[in-house]
Amino acid sequence: MADRVGRSLRLTNWWVWVLPAAFLGYLFLYPVFRMLGYSLEAGAFGELTRPRVLSSTWFTIWQALVSTVLTLVAAVPLTWVLSRFNFVGKSLVRALVTIPFVLPTVVVGAAFLGLMPRGVGAILAAHVFFNIAVVVRTVGGVWSRIDRKLEDAARVLGASPLRAAWSVTFPLLCPALFSAAAIVFLFCFASFGTVLILGGGRLRTIEVEIYQQAVNFGDLPVAAALAVLQLVFVVIALWVSSRWQRHTNIDFTAETALPKPQGRQGAVVALIVSLSLGLLSLPIWALIRASFGGWSFSAPGQSLDPLRAVGNSLLYSCIATVIATVIGVLAARAIAASRSRTSSLFDTGLMLPLGTSAVTVGFGFLLALDWPVDLRGTSALVPLAHALLATPFVVRAALPLLRSIRPQLREAAAVLGASPARVWREIDFPIVARAVMVGAGLAAVVSLGEFGATSFVVRPSSVTVPTLIFRLLGRPGTASYAQAMALAVVLAAMTAVIVLVIDRLRGEQAGTF
């Protein structure tokens with residue numbers, strides 16, 4: 001009886017593979033192979049040696065390296081504070097530090113445009129602002145589980161605090177630091193909206209070069225070859241990050257109660273927290289100040305109607321969130337039901353859109369989605385692109401909890417006569433519901449702020465807030481500039497509210513990201 005029930009439950013899991021696999025295959029793998037075939041057929045890879053392309057590639061690599069180093073230097077002190085001490089307001093500080101990472105790239109670009117002139121300095125500063133949360137979250141999770149007694153033992157043996165940290169703590173943190181560095185490098189390498197706004201057209205990453213080759217010059221073969229080249233870099237960065245993450249599986253002690261900072265230590269903690277939050281808030285205050293005079297929201301034209309853009313963004317966000325949540329939950333169920341290599345490969349495949357540049361996704365849509373139905377002239381591409389980029393967040397939120405459910409619970413319910421749908425409704429869903437809401441919230445944030453893919457597929461009559469901000473920044477006059485800043489404030493506020501709600505929903509078992 002138990003074998004028959006178990007076999008029945010396994011068979012019902014097959015159908016949950018179909019929709020996520022078709023979704024990933026048609027919207028991601030098919031466009032990637034079309035881009036590769038198109039660039040090979042046109043012989044475009046030989047064009048990658050052009051001076052302009054080489055200059056963009058070199059700038060992409062060195063600015064990503066410098067941004068990564070600066071991010072680590074800026075984030076490590078705050079990571080030390082949040083992972084080694086307990087103090088009043090710590091959860092709020094952690095949430096506030098996370099907000100810059102989920103802000104739309106056009107908002108970050110607009111904020112630094114109001115703070116400093118365009119150029120390399122602004123791009124590097126924006127990348128540091130954007131990625132500090134990556135280091136805090138990635139390294140802090142490991143640092144908080146390193147036994148403090150290890151450093152205490154080194155101190156007893158005569159080591160100074162600096163020597164104890166260098167000899168004991170740093171070697172244990174190295175895998176997490178290198179993993180975080182690889183992720184930061186990837187985000188800086190694939191930077192688009194920030195560089196497009198702050199570079200002023202002179203400074204170009206590969207992302208910006210793809211956009212300009214496709215949109216400004218109409219050279220689709222070269223754009224396709226650049227997209228394939230960037231995808232190779234992305235896969236290498238993800239491989240490096242994954243390799244270092246595997247080295248973090250050390251038998252650290254479980255996280256215990258953290259001490260409160262006392263005396264001079266308390267002053268240092270207060271200084272680091274105040275300085276970090278102060279510096280992170282500067283671009284936001286500059287954005288708010290620059291928005292004064294731009295709150296009239298009078299529509300200069302149908303394609304530049306701010307209220308229409310807000311409505312479009314909310315509509316696309318709702319549609320994309322529903323699609324990403326359904327696909328993500330089905331995919332998480334399929335992956336959690338099996339420990340096979342196929343399941344592992346499927347999990348990795350679903351994560352690829354998260355690491356792939358949004359510009360590559362949007363360009364792939366524009367190049368490939370003319371079969372079996374030509375979707376390229378429709379507004380449907382916008383929520384589909386957003387859903388593709390948001391689905392990995394739902395999977396990562398739901399998967400750990402679905403894997404934690406004991407199979408015996410499902411089998412017992414089935415023995416008592418429950419159908420597979422009722423087993424999901426009565427057992428799985430109550431456990432995973434909170435994590436699914438977190439994933440859905442992250443999907444909404446991704447959709448609201450998505451700019452890279454949207455810039456390729458959006459129609460003039462269905463412009464979104466991020467694309468409208470970029471268009472307004474490209475128009476002459478202080479009125480358009482102030483209106484762009486005001487829209488950026490609105491978009492940042494919506495994102496911040498969702499992030500704060502997510503942070504309250506997240507618990508110790510709410511999934512990992």
# chains A, B, ... in the order shown; residues from 1 in each chain; ligands from 1
$ select_by_dssp --residues "region 309-373 of chain A" --states "helix (DSSP H, G or I)" --output "PyMOL selection string"
chain A and resi 309-336+341-355+358-368
$ closest_atom_pairs --of "region 354-472 of chain A" --to "region 311-317 of chain A" --cutoff "12 Å" --atoms "only C-alpha atoms" --output "CSV"
residue,atom,partner,partner_atom,distance
A:Ser379,CA,A:Tyr316,CA,9.4
A:Ala380,CA,A:Tyr316,CA,9.0
A:Leu381,CA,A:Tyr316,CA,10.0
A:Val382,CA,A:Tyr316,CA,7.0
A:Pro383,CA,A:Tyr316,CA,5.2
A:Leu384,CA,A:Tyr316,CA,9.0
A:Ala385,CA,A:Tyr316,CA,10.1
A:His386,CA,A:Ser317,CA,7.8
A:Ala387,CA,A:Ser317,CA,8.7
A:Leu389,CA,A:Ser317,CA,12.0
A:Ala390,CA,A:Ser317,CA,10.2
A:Ala440,CA,A:Ser317,CA,10.2
A:Gly441,CA,A:Ser317,CA,10.1
A:Leu442,CA,A:Ser317,CA,10.7
A:Ala443,CA,A:Ser317,CA,8.0
A:Ala444,CA,A:Ser317,CA,5.4
A:Val445,CA,A:Ser317,CA,8.0
A:Val446,CA,A:Ser317,CA,8.3
A:Ser447,CA,A:Ser317,CA,5.1
A:Leu448,CA,A:Ser317,CA,5.8
A:Gly449,CA,A:Ser313,CA,8.6
A:Glu450,CA,A:Ser313,CA,9.5
A:Phe451,CA,A:Ser313,CA,11.0
A:Thr454,CA,A:Ser313,CA,10.8
A:Val458,CA,A:Asn312,CA,10.6
A:Arg459,CA,A:Asn312,CA,11.1
A:Pro460,CA,A:Asn312,CA,11.6
A:Ser461,CA,A:Asn312,CA,9.6
A:Ser462,CA,A:Asn312,CA,6.3
A:Val463,CA,A:Asn312,CA,6.9
A:Thr464,CA,A:Ser313,CA,5.1
A:Val465,CA,A:Ser313,CA,6.2
A:Pro466,CA,A:Ser313,CA,8.6
A:Thr467,CA,A:Ser313,CA,10.0
A:Leu468,CA,A:Ser313,CA,10.5
$ closest_atom_pairs --of "region 382-488 of chain A" --to "region 339-355 of chain A" --cutoff "9 Å" --atoms "only C-alpha atoms" --output "CSV"
residue,atom,partner,partner_atom,distance
A:Leu388,CA,A:Pro353,CA,6.7
A:Leu389,CA,A:Pro353,CA,5.6
A:Ala390,CA,A:Leu354,CA,7.6
A:Thr391,CA,A:Leu350,CA,7.8
A:Pro392,CA,A:Met351,CA,5.5
A:Phe393,CA,A:Leu354,CA,8.3
A:Val395,CA,A:Leu350,CA,8.3
A:Arg396,CA,A:Met351,CA,8.9
$ residues_around --residues "Thr169 (chain A)" --least-positions-apart "2" --cutoff "9 Å" --atoms "only C-alpha atoms" --output "mmCIF file with C-alpha atoms, in the first residue's frame"
data_model
loop_
_atom_site.group_PDB
_atom_site.id
_atom_site.type_symbol
_atom_site.label_atom_id
_atom_site.label_comp_id
_atom_site.auth_asym_id
_atom_site.auth_seq_id
_atom_site.Cartn_x
_atom_site.Cartn_y
_atom_site.Cartn_z
ATOM 1 C CA TRP A 143 30.827 35.377 9.963
ATOM 2 C CA ILE A 146 32.313 31.454 13.468
ATOM 3 C CA LEU A 150 38.677 30.705 18.299
ATOM 4 C CA GLU A 151 39.770 34.345 18.374
ATOM 5 C CA ALA A 164 43.960 37.081 15.687
ATOM 6 C CA ALA A 165 41.536 38.367 13.041
ATOM 7 C CA TRP A 166 44.091 37.882 10.243
ATOM 8 C CA SER A 167 45.278 34.427 11.348
ATOM 9 C CA PRO A 171 41.020 32.213 6.509
ATOM 10 C CA LEU A 172 37.559 31.011 7.551
ATOM 11 C CA LEU A 173 35.917 33.941 5.767
ATOM 12 C CA CYS A 174 37.929 33.648 2.550
#
$ residues_around --residues "Arg204 (chain A)" --least-positions-apart "5" --cutoff "9 Å" --atoms "only C-alpha atoms" --output "PyMOL selection string"
chain A and resi 55-57+59-60+192+195-196+199+209
$ write_last_selection --atoms "C-alpha atoms" --output "PDB file, in the first residue's frame"
ATOM      1  CA  SER A  55      37.526  49.521 -25.595  1.00  0.00           C
ATOM      2  CA  SER A  56      34.077  48.663 -24.217  1.00  0.00           C
ATOM      3  CA  THR A  57      35.252  45.188 -23.181  1.00  0.00           C
ATOM      4  CA  PHE A  59      36.302  49.208 -19.596  1.00  0.00           C
ATOM      5  CA  THR A  60      33.754  46.565 -18.539  1.00  0.00           C
ATOM      6  CA  PHE A 192      23.538  48.648 -17.841  1.00  0.00           C
ATOM      7  CA  VAL A 195      26.384  53.088 -16.802  1.00  0.00           C
ATOM      8  CA  LEU A 196      24.002  54.244 -19.527  1.00  0.00           C
ATOM      9  CA  GLY A 199      28.489  57.260 -18.558  1.00  0.00           C
ATOM     10  CA  GLU A 209      27.557  48.439 -26.351  1.00  0.00           C
TER      11      GLU A 209
END
$ residues_around --residues "Phe85 (chain A)" --least-positions-apart "4" --cutoff "9 Å" --atoms "only C-alpha atoms" --output "ChimeraX atom specification"
/A:80-81,90,144,257-261,269
$ residues_around --residues "Thr356 (chain A)" --least-positions-apart "2" --cutoff "10 Å" --atoms "only C-alpha atoms" --output "PDB file with N, CA and C atoms, in the first residue's frame"
ATOM      1  N   PHE A  28      14.184  31.475 -22.745  1.00  0.00           N
ATOM      2  CA  PHE A  28      15.605  31.701 -22.462  1.00  0.00           C
ATOM      3  C   PHE A  28      16.519  30.899 -23.384  1.00  0.00           C
ATOM      4  N   LEU A 186      30.081  40.141 -11.022  1.00  0.00           N
ATOM      5  CA  LEU A 186      29.087  39.819 -12.041  1.00  0.00           C
ATOM      6  C   LEU A 186      28.094  40.959 -12.219  1.00  0.00           C
ATOM      7  N   PHE A 187      27.587  41.500 -11.105  1.00  0.00           N
ATOM      8  CA  PHE A 187      26.619  42.585 -11.197  1.00  0.00           C
ATOM      9  C   PHE A 187      27.245  43.835 -11.813  1.00  0.00           C
ATOM     10  N   ALA A 190      27.835  43.297 -15.581  1.00  0.00           N
ATOM     11  CA  ALA A 190      26.597  43.341 -16.368  1.00  0.00           C
ATOM     12  C   ALA A 190      25.816  44.624 -16.148  1.00  0.00           C
ATOM     13  N   ALA A 227      26.434  39.700 -27.079  1.00  0.00           N
ATOM     14  CA  ALA A 227      25.575  39.064 -26.081  1.00  0.00           C
ATOM     15  C   ALA A 227      26.081  37.667 -25.737  1.00  0.00           C
ATOM     16  N   GLN A 230      29.244  38.040 -23.644  1.00  0.00           N
ATOM     17  CA  GLN A 230      28.940  38.381 -22.254  1.00  0.00           C
ATOM     18  C   GLN A 230      28.392  37.181 -21.490  1.00  0.00           C
ATOM     19  N   LEU A 231      27.599  36.367 -22.163  1.00  0.00           N
ATOM     20  CA  LEU A 231      27.053  35.177 -21.511  1.00  0.00           C
ATOM     21  C   LEU A 231      28.174  34.240 -21.068  1.00  0.00           C
ATOM     22  N   VAL A 232      29.246  34.159 -21.855  1.00  0.00           N
ATOM     23  CA  VAL A 232      30.405  33.342 -21.468  1.00  0.00           C
ATOM     24  C   VAL A 232      31.020  33.879 -20.180  1.00  0.00           C
ATOM     25  N   PHE A 233      31.216  35.201 -20.096  1.00  0.00           N
ATOM     26  CA  PHE A 233      31.746  35.802 -18.874  1.00  0.00           C
ATOM     27  C   PHE A 233      30.825  35.544 -17.683  1.00  0.00           C
ATOM     28  N   VAL A 234      29.528  35.630 -17.909  1.00  0.00           N
ATOM     29  CA  VAL A 234      28.555  35.407 -16.825  1.00  0.00           C
ATOM     30  C   VAL A 234      28.652  33.981 -16.297  1.00  0.00           C
ATOM     31  N   VAL A 235      28.724  33.014 -17.211  1.00  0.00           N
ATOM     32  CA  VAL A 235      28.821  31.606 -16.793  1.00  0.00           C
ATOM     33  C   VAL A 235      30.100  31.377 -15.993  1.00  0.00           C
ATOM     34  N   LEU A 238      29.591  32.874 -12.500  1.00  0.00           N
ATOM     35  CA  LEU A 238      28.705  32.027 -11.700  1.00  0.00           C
ATOM     36  C   LEU A 238      29.419  30.754 -11.258  1.00  0.00           C
ATOM     37  N   MET A 351      18.306  29.154 -12.714  1.00  0.00           N
ATOM     38  CA  MET A 351      19.059  30.270 -12.153  1.00  0.00           C
ATOM     39  C   MET A 351      19.790  31.082 -13.223  1.00  0.00           C
ATOM     40  N   LEU A 352      19.956  30.521 -14.419  1.00  0.00           N
ATOM     41  CA  LEU A 352      20.721  31.214 -15.462  1.00  0.00           C
ATOM     42  C   LEU A 352      20.150  32.592 -15.821  1.00  0.00           C
ATOM     43  N   PRO A 353      18.818  32.756 -15.938  1.00  0.00           N
ATOM     44  CA  PRO A 353      18.311  34.104 -16.237  1.00  0.00           C
ATOM     45  C   PRO A 353      18.682  35.132 -15.179  1.00  0.00           C
ATOM     46  N   LEU A 354      18.855  34.692 -13.929  1.00  0.00           N
ATOM     47  CA  LEU A 354      19.227  35.618 -12.870  1.00  0.00           C
ATOM     48  C   LEU A 354      20.637  36.152 -13.084  1.00  0.00           C
ATOM     49  N   ALA A 358      20.107  41.421 -18.323  1.00  0.00           N
ATOM     50  CA  ALA A 358      18.749  41.687 -18.794  1.00  0.00           C
ATOM     51  C   ALA A 358      18.758  42.171 -20.237  1.00  0.00           C
ATOM     52  N   VAL A 359      19.811  42.880 -20.631  1.00  0.00           N
ATOM     53  CA  VAL A 359      19.922  43.342 -22.016  1.00  0.00           C
ATOM     54  C   VAL A 359      19.980  42.150 -22.967  1.00  0.00           C
ATOM     55  N   THR A 360      20.729  41.118 -22.595  1.00  0.00           N
ATOM     56  CA  THR A 360      20.805  39.909 -23.416  1.00  0.00           C
ATOM     57  C   THR A 360      19.441  39.253 -23.529  1.00  0.00           C
ATOM     58  N   VAL A 361      18.692  39.216 -22.417  1.00  0.00           N
ATOM     59  CA  VAL A 361      17.340  38.645 -22.438  1.00  0.00           C
ATOM     60  C   VAL A 361      16.448  39.443 -23.382  1.00  0.00           C
ATOM     61  N   LEU A 389      12.998  36.947 -15.485  1.00  0.00           N
ATOM     62  CA  LEU A 389      14.049  37.423 -14.593  1.00  0.00           C
ATOM     63  C   LEU A 389      13.674  37.282 -13.130  1.00  0.00           C
TER      64      LEU A 389
END
$ residues_around --residues "Val97 (chain A)" --least-positions-apart "2" --cutoff "12 Å" --atoms "only C-alpha atoms" --output "short mmCIF file (atom, residue, chain, number, x, y, z; two decimals) with C-alpha atoms, in the first residue's frame"
data_model
loop_
_atom_site.label_atom_id
_atom_site.label_comp_id
_atom_site.auth_asym_id
_atom_site.auth_seq_id
_atom_site.Cartn_x
_atom_site.Cartn_y
_atom_site.Cartn_z
CA ALA A 75 31.15 46.64 3.27
CA LEU A 78 29.45 47.06 8.48
CA THR A 79 29.38 43.28 7.95
CA LEU A 82 25.98 43.20 11.93
CA LYS A 90 19.83 45.90 14.14
CA SER A 91 17.00 44.42 12.04
CA LEU A 92 16.07 47.86 10.74
CA VAL A 93 19.71 48.59 9.85
CA ARG A 94 19.92 45.32 7.94
CA ALA A 95 16.72 46.13 6.04
CA ILE A 99 17.18 48.63 0.03
CA PRO A 100 19.94 50.01 -2.29
CA PHE A 101 20.47 46.54 -3.79
CA VAL A 102 16.84 46.18 -4.87
CA LEU A 103 16.48 49.75 -6.11
CA VAL A 128 29.50 50.31 -4.40
CA PHE A 129 26.16 51.75 -3.22
CA PHE A 130 24.27 49.07 -5.11
CA ASN A 131 26.31 46.03 -4.00
CA ILE A 132 27.14 46.59 -0.32
CA ALA A 133 24.14 44.46 0.65
CA VAL A 134 25.56 41.50 -1.32
CA VAL A 135 28.64 41.40 0.91
CA VAL A 136 26.66 42.03 4.11
CA ARG A 137 24.25 39.17 3.36
CA VAL A 273 26.59 52.13 11.57
CA SER A 274 26.04 55.91 11.49
CA SER A 276 27.47 53.60 6.66
CA LEU A 277 23.81 54.63 6.80
CA GLY A 278 24.75 58.26 6.31
CA LEU A 279 26.75 57.56 3.17
CA LEU A 280 24.10 55.20 1.81
CA SER A 281 21.42 57.86 2.35
CA ALA A 496 11.39 50.37 -0.31
CA VAL A 499 11.39 45.42 0.74
CA LEU A 500 10.42 46.38 4.30
CA ASP A 503 12.00 41.75 5.59
#
$ atom_distance --atom1 "CA of Tyr481 (chain A)" --atom2 "CA of Ile206 (chain A)"
26.6 Å
$ closest_residue --among "A:Leu366, A:Ala176, A:Ile327, A:Ala479" --to "Ala22 (chain A)" --atoms "only C-alpha atoms"
A:Ile327
$ atom_distance --atom1 "CA of Gln483 (chain A)" --atom2 "CA of Gly377 (chain A)"
28.7 Å
$ closest_residue --among "A:Ala153, A:Ile197, A:Ala180, A:Ile319" --to "Val120 (chain A)" --atoms "only C-alpha atoms"
A:Ile197
$ decode --residues "region 160-207 of chain A" --atoms "C-alpha atoms" --output "CSV table (one decimal), in the first residue's frame"
chain,number,residue,atom,x,y,z
A,160,SER,CA,46.9,41.1,19.1
A,161,PRO,CA,43.3,41.6,18.0
A,162,LEU,CA,44.5,42.4,14.4
A,163,ARG,CA,46.7,39.3,14.3
A,164,ALA,CA,44.0,37.1,15.7
A,165,ALA,CA,41.5,38.4,13.0
A,166,TRP,CA,44.1,37.9,10.2
A,167,SER,CA,45.3,34.4,11.3
A,168,VAL,CA,42.0,32.9,12.6
A,169,THR,CA,38.9,34.7,11.2
A,170,PHE,CA,40.1,35.7,7.7
A,171,PRO,CA,41.0,32.2,6.5
A,172,LEU,CA,37.6,31.0,7.6
A,173,LEU,CA,35.9,33.9,5.8
A,174,CYS,CA,37.9,33.6,2.5
A,175,PRO,CA,35.5,31.4,0.7
A,176,ALA,CA,32.5,33.6,1.5
A,177,LEU,CA,34.5,36.7,0.6
A,178,PHE,CA,35.6,35.3,-2.8
A,179,SER,CA,32.0,34.1,-3.4
A,180,ALA,CA,30.6,37.6,-2.6
A,181,ALA,CA,33.4,39.2,-4.7
A,182,ALA,CA,32.4,37.0,-7.7
A,183,ILE,CA,28.7,38.0,-7.4
A,184,VAL,CA,29.6,41.7,-7.1
A,185,PHE,CA,31.9,41.4,-10.1
A,186,LEU,CA,29.1,39.8,-12.0
A,187,PHE,CA,26.6,42.6,-11.2
A,188,CYS,CA,29.2,45.3,-12.0
A,189,PHE,CA,30.2,43.5,-15.2
A,190,ALA,CA,26.6,43.3,-16.4
A,191,SER,CA,25.7,46.9,-15.3
A,192,PHE,CA,23.5,48.6,-17.8
A,193,GLY,CA,21.1,51.3,-16.6
A,194,THR,CA,23.6,52.9,-14.2
A,195,VAL,CA,26.4,53.1,-16.8
A,196,LEU,CA,24.0,54.2,-19.5
A,197,ILE,CA,22.9,57.2,-17.4
A,198,LEU,CA,26.2,58.0,-15.6
A,199,GLY,CA,28.5,57.3,-18.6
A,200,GLY,CA,27.0,59.9,-20.7
A,201,GLY,CA,27.5,57.8,-23.9
A,202,ARG,CA,31.3,58.0,-23.6
A,203,LEU,CA,31.8,55.2,-21.1
A,204,ARG,CA,30.4,51.9,-22.3
A,205,THR,CA,30.2,48.5,-20.8
A,206,ILE,CA,29.4,45.5,-23.0
A,207,GLU,CA,25.8,45.8,-21.9
